[in-house]
Amino acid sequence: MRDGILGSGLMGGKLGTIFARAGHEVVFSYARSSDKLKRLARDAQGNARAGTPGEAAKDADAILLAVHWSRIDAVLKQAGDMSGKVIVTCCLPVDAGKHETHHGHHYVGSRRTRKESSTRSCSSDFQHRSQ
């Protein structure tokens, strides 16, 4: 299976590493530095590499969207056309200061991702936020 990781922070980095060690082909993308992406790929000890969001999405069977809520639009734009892709998001709808969780149908991660990426298949998982 080929997995594209859009967002290589705590969630994307850890889940991508788990996927790579389970035998998946993984492309880590969207981090503050390319060095971090290269380190994640090397440390994953599997078939993983660093790339751009477009490279991560291009040949992926599944895409993990793991960025801060405020960066969804930017990473989806960089990823390009994801029509027909399976997308799993762990983006929690919080304000920029990470203090308040937004509620209501405008803030459902999978709904926003489907709208912005033109995909029909999106699952919003890992949506728990402890206080």
# chains A, B, ... in the order shown; residues from 1 in each chain; ligands from 1

$ residues_around --residues "Leu64 in chain A" --least-positions-apart "5" --cutoff "7 Å" --atoms "only C-alpha atoms" --output "compact mmCIF listing (two decimals) with N, CA, C and O atoms, in the first residue's frame"
# COMPACT_ATOMS: atom_id res chain seq x y z
N GLY A 4 0.47 8.57 1.51
CA GLY A 4 0.99 9.92 1.47
C GLY A 4 0.68 10.60 2.79
O GLY A 4 -0.47 10.61 3.23
N ILE A 5 1.69 11.14 3.43
CA ILE A 5 1.52 11.82 4.71
C ILE A 5 1.61 13.32 4.47
O ILE A 5 2.66 13.83 4.08
N LEU A 6 0.49 14.01 4.65
CA LEU A 6 0.45 15.47 4.50
C LEU A 6 0.47 16.07 5.89
O LEU A 6 -0.56 16.18 6.55
N ILE A 87 -8.92 9.62 1.98
CA ILE A 87 -8.24 10.55 2.88
C ILE A 87 -8.70 10.31 4.30
O ILE A 87 -9.90 10.25 4.58
N VAL A 88 -7.75 10.15 5.20
CA VAL A 88 -8.03 10.06 6.62
C VAL A 88 -7.45 11.32 7.24
O VAL A 88 -6.29 11.66 7.00
N THR A 89 -8.27 12.03 7.99
CA THR A 89 -7.78 13.27 8.62
C THR A 89 -7.80 13.16 10.13
O THR A 89 -8.72 12.59 10.71

$ residues_around --residues "range 36-47 of chain A" --least-positions-apart "5" --cutoff "9 Å" --atoms "only C-alpha atoms" --output "list in words"
Ser8, Gly13, Lys14, Gly16, Thr17, Ile18, Phe19, Ala20, Arg21, Ala22, Gly23, His24, Glu25, Val26, Val27, Phe28, Ser29, Tyr30 and Ala31 of chain A

$ closest_residue --among "A:Ser34, A:Val75, A:Pro53, A:Ala66" --to "Gly9 in chain A" --atoms "only C-alpha atoms"
A:Ala66

$ atom_distance --atom1 "CA of Arg2 in chain A" --atom2 "CA of Trp69 in chain A"
24.3 Å

$ select_by_dssp --residues "range 10-95 of chain A" --states "strand (DSSP E)" --output "PyMOL selection string"
chain A and resi 25-29+48-50+62-65+86-89

$ write_last_selection --atoms "N, CA and C atoms" --output "PDB file, in the first residue's frame"
ATOM      1  N   GLU A  25       4.564   1.668   1.556  1.00  0.00           N
ATOM      2  CA  GLU A  25       5.416   2.696   0.955  1.00  0.00           C
ATOM      3  C   GLU A  25       4.885   4.031   1.459  1.00  0.00           C
ATOM      4  N   VAL A  26       5.738   4.838   2.069  1.00  0.00           N
ATOM      5  CA  VAL A  26       5.302   6.086   2.699  1.00  0.00           C
ATOM      6  C   VAL A  26       6.095   7.264   2.150  1.00  0.00           C
ATOM      7  N   VAL A  27       5.383   8.349   1.853  1.00  0.00           N
ATOM      8  CA  VAL A  27       6.032   9.609   1.495  1.00  0.00           C
ATOM      9  C   VAL A  27       5.647  10.627   2.559  1.00  0.00           C
ATOM     10  N   PHE A  28       6.633  11.083   3.345  1.00  0.00           N
ATOM     11  CA  PHE A  28       6.419  12.124   4.351  1.00  0.00           C
ATOM     12  C   PHE A  28       6.511  13.484   3.664  1.00  0.00           C
ATOM     13  N   SER A  29       5.573  14.382   3.970  1.00  0.00           N
ATOM     14  CA  SER A  29       5.633  15.724   3.387  1.00  0.00           C
ATOM     15  C   SER A  29       5.082  16.749   4.362  1.00  0.00           C
ATOM     16  N   ALA A  48      10.269   4.243   3.090  1.00  0.00           N
ATOM     17  CA  ALA A  48       9.779   5.607   3.279  1.00  0.00           C
ATOM     18  C   ALA A  48      10.741   6.600   2.659  1.00  0.00           C
ATOM     19  N   ARG A  49      10.190   7.728   2.232  1.00  0.00           N
ATOM     20  CA  ARG A  49      11.036   8.794   1.688  1.00  0.00           C
ATOM     21  C   ARG A  49      10.390  10.142   1.977  1.00  0.00           C
ATOM     22  N   ALA A  50      11.171  11.182   1.805  1.00  0.00           N
ATOM     23  CA  ALA A  50      10.683  12.553   1.956  1.00  0.00           C
ATOM     24  C   ALA A  50      10.223  13.056   0.603  1.00  0.00           C
ATOM     25  N   ALA A  62      -3.788   5.856  -0.117  1.00  0.00           N
ATOM     26  CA  ALA A  62      -4.452   6.534   0.998  1.00  0.00           C
ATOM     27  C   ALA A  62      -3.598   7.714   1.426  1.00  0.00           C
ATOM     28  N   ILE A  63      -4.263   8.745   1.902  1.00  0.00           N
ATOM     29  CA  ILE A  63      -3.583   9.966   2.331  1.00  0.00           C
ATOM     30  C   ILE A  63      -3.967  10.254   3.772  1.00  0.00           C
ATOM     31  N   LEU A  64      -2.957  10.536   4.595  1.00  0.00           N
ATOM     32  CA  LEU A  64      -3.200  10.968   5.968  1.00  0.00           C
ATOM     33  C   LEU A  64      -3.014  12.477   6.003  1.00  0.00           C
ATOM     34  N   LEU A  65      -4.063  13.194   6.345  1.00  0.00           N
ATOM     35  CA  LEU A  65      -4.005  14.644   6.493  1.00  0.00           C
ATOM     36  C   LEU A  65      -3.820  14.948   7.966  1.00  0.00           C
ATOM     37  N   VAL A  86      -8.573   8.061  -1.032  1.00  0.00           N
ATOM     38  CA  VAL A  86      -9.074   7.859   0.321  1.00  0.00           C
ATOM     39  C   VAL A  86      -8.252   8.764   1.232  1.00  0.00           C
ATOM     40  N   ILE A  87      -8.924   9.619   1.982  1.00  0.00           N
ATOM     41  CA  ILE A  87      -8.240  10.553   2.878  1.00  0.00           C
ATOM     42  C   ILE A  87      -8.704  10.306   4.302  1.00  0.00           C
ATOM     43  N   VAL A  88      -7.750  10.152   5.196  1.00  0.00           N
ATOM     44  CA  VAL A  88      -8.030  10.062   6.618  1.00  0.00           C
ATOM     45  C   VAL A  88      -7.452  11.324   7.237  1.00  0.00           C
ATOM     46  N   THR A  89      -8.267  12.035   7.994  1.00  0.00           N
ATOM     47  CA  THR A  89      -7.779  13.269   8.617  1.00  0.00           C
ATOM     48  C   THR A  89      -7.799  13.159  10.128  1.00  0.00           C
TER      49      THR A  89
END

$ closest_residue --among "A:Leu15, A:Val67, A:Ile72, A:Ala57" --to "Arg32 in chain A" --atoms "only C-alpha atoms"
A:Val67

$ decode --residues "range 81-93 of chain A" --atoms "N, CA and C atoms" --output "PDB file, in the first residue's frame"
ATOM      1  N   ASP A  81      -4.692  17.660  -7.200  1.00  0.00           N
ATOM      2  CA  ASP A  81      -5.915  16.889  -7.395  1.00  0.00           C
ATOM      3  C   ASP A  81      -5.858  15.578  -6.613  1.00  0.00           C
ATOM      4  N   MET A  82      -6.818  15.381  -5.742  1.00  0.00           N
ATOM      5  CA  MET A  82      -6.901  14.146  -4.974  1.00  0.00           C
ATOM      6  C   MET A  82      -8.236  13.455  -5.210  1.00  0.00           C
ATOM      7  N   SER A  83      -8.842  13.712  -6.342  1.00  0.00           N
ATOM      8  CA  SER A  83     -10.108  13.075  -6.688  1.00  0.00           C
ATOM      9  C   SER A  83      -9.967  11.562  -6.621  1.00  0.00           C
ATOM     10  N   GLY A  84     -10.920  10.937  -5.974  1.00  0.00           N
ATOM     11  CA  GLY A  84     -10.922   9.485  -5.882  1.00  0.00           C
ATOM     12  C   GLY A  84      -9.994   8.906  -4.835  1.00  0.00           C
ATOM     13  N   LYS A  85      -9.223   9.734  -4.148  1.00  0.00           N
ATOM     14  CA  LYS A  85      -8.303   9.235  -3.122  1.00  0.00           C
ATOM     15  C   LYS A  85      -9.056   9.007  -1.810  1.00  0.00           C
ATOM     16  N   VAL A  86      -8.573   8.061  -1.032  1.00  0.00           N
ATOM     17  CA  VAL A  86      -9.074   7.859   0.321  1.00  0.00           C
ATOM     18  C   VAL A  86      -8.252   8.764   1.232  1.00  0.00           C
ATOM     19  N   ILE A  87      -8.924   9.619   1.982  1.00  0.00           N
ATOM     20  CA  ILE A  87      -8.240  10.553   2.878  1.00  0.00           C
ATOM     21  C   ILE A  87      -8.704  10.306   4.302  1.00  0.00           C
ATOM     22  N   VAL A  88      -7.750  10.152   5.196  1.00  0.00           N
ATOM     23  CA  VAL A  88      -8.030  10.062   6.618  1.00  0.00           C
ATOM     24  C   VAL A  88      -7.452  11.324   7.237  1.00  0.00           C
ATOM     25  N   THR A  89      -8.267  12.035   7.994  1.00  0.00           N
ATOM     26  CA  THR A  89      -7.779  13.269   8.617  1.00  0.00           C
ATOM     27  C   THR A  89      -7.799  13.159  10.128  1.00  0.00           C
ATOM     28  N   CYS A  90      -6.769  13.681  10.738  1.00  0.00           N
ATOM     29  CA  CYS A  90      -6.739  13.772  12.197  1.00  0.00           C
ATOM     30  C   CYS A  90      -6.624  15.245  12.606  1.00  0.00           C
ATOM     31  N   CYS A  91      -7.109  16.129  11.736  1.00  0.00           N
ATOM     32  CA  CYS A  91      -7.074  17.565  11.990  1.00  0.00           C
ATOM     33  C   CYS A  91      -8.222  17.949  12.925  1.00  0.00           C
ATOM     34  N   LEU A  92      -7.889  18.468  14.041  1.00  0.00           N
ATOM     35  CA  LEU A  92      -8.876  18.881  15.035  1.00  0.00           C
ATOM     36  C   LEU A  92      -9.198  20.360  14.836  1.00  0.00           C
ATOM     37  N   PRO A  93     -10.468  20.710  14.713  1.00  0.00           N
ATOM     38  CA  PRO A  93     -10.833  22.108  14.458  1.00  0.00           C
ATOM     39  C   PRO A  93     -10.641  23.000  15.684  1.00  0.00           C
TER      40      PRO A  93
END
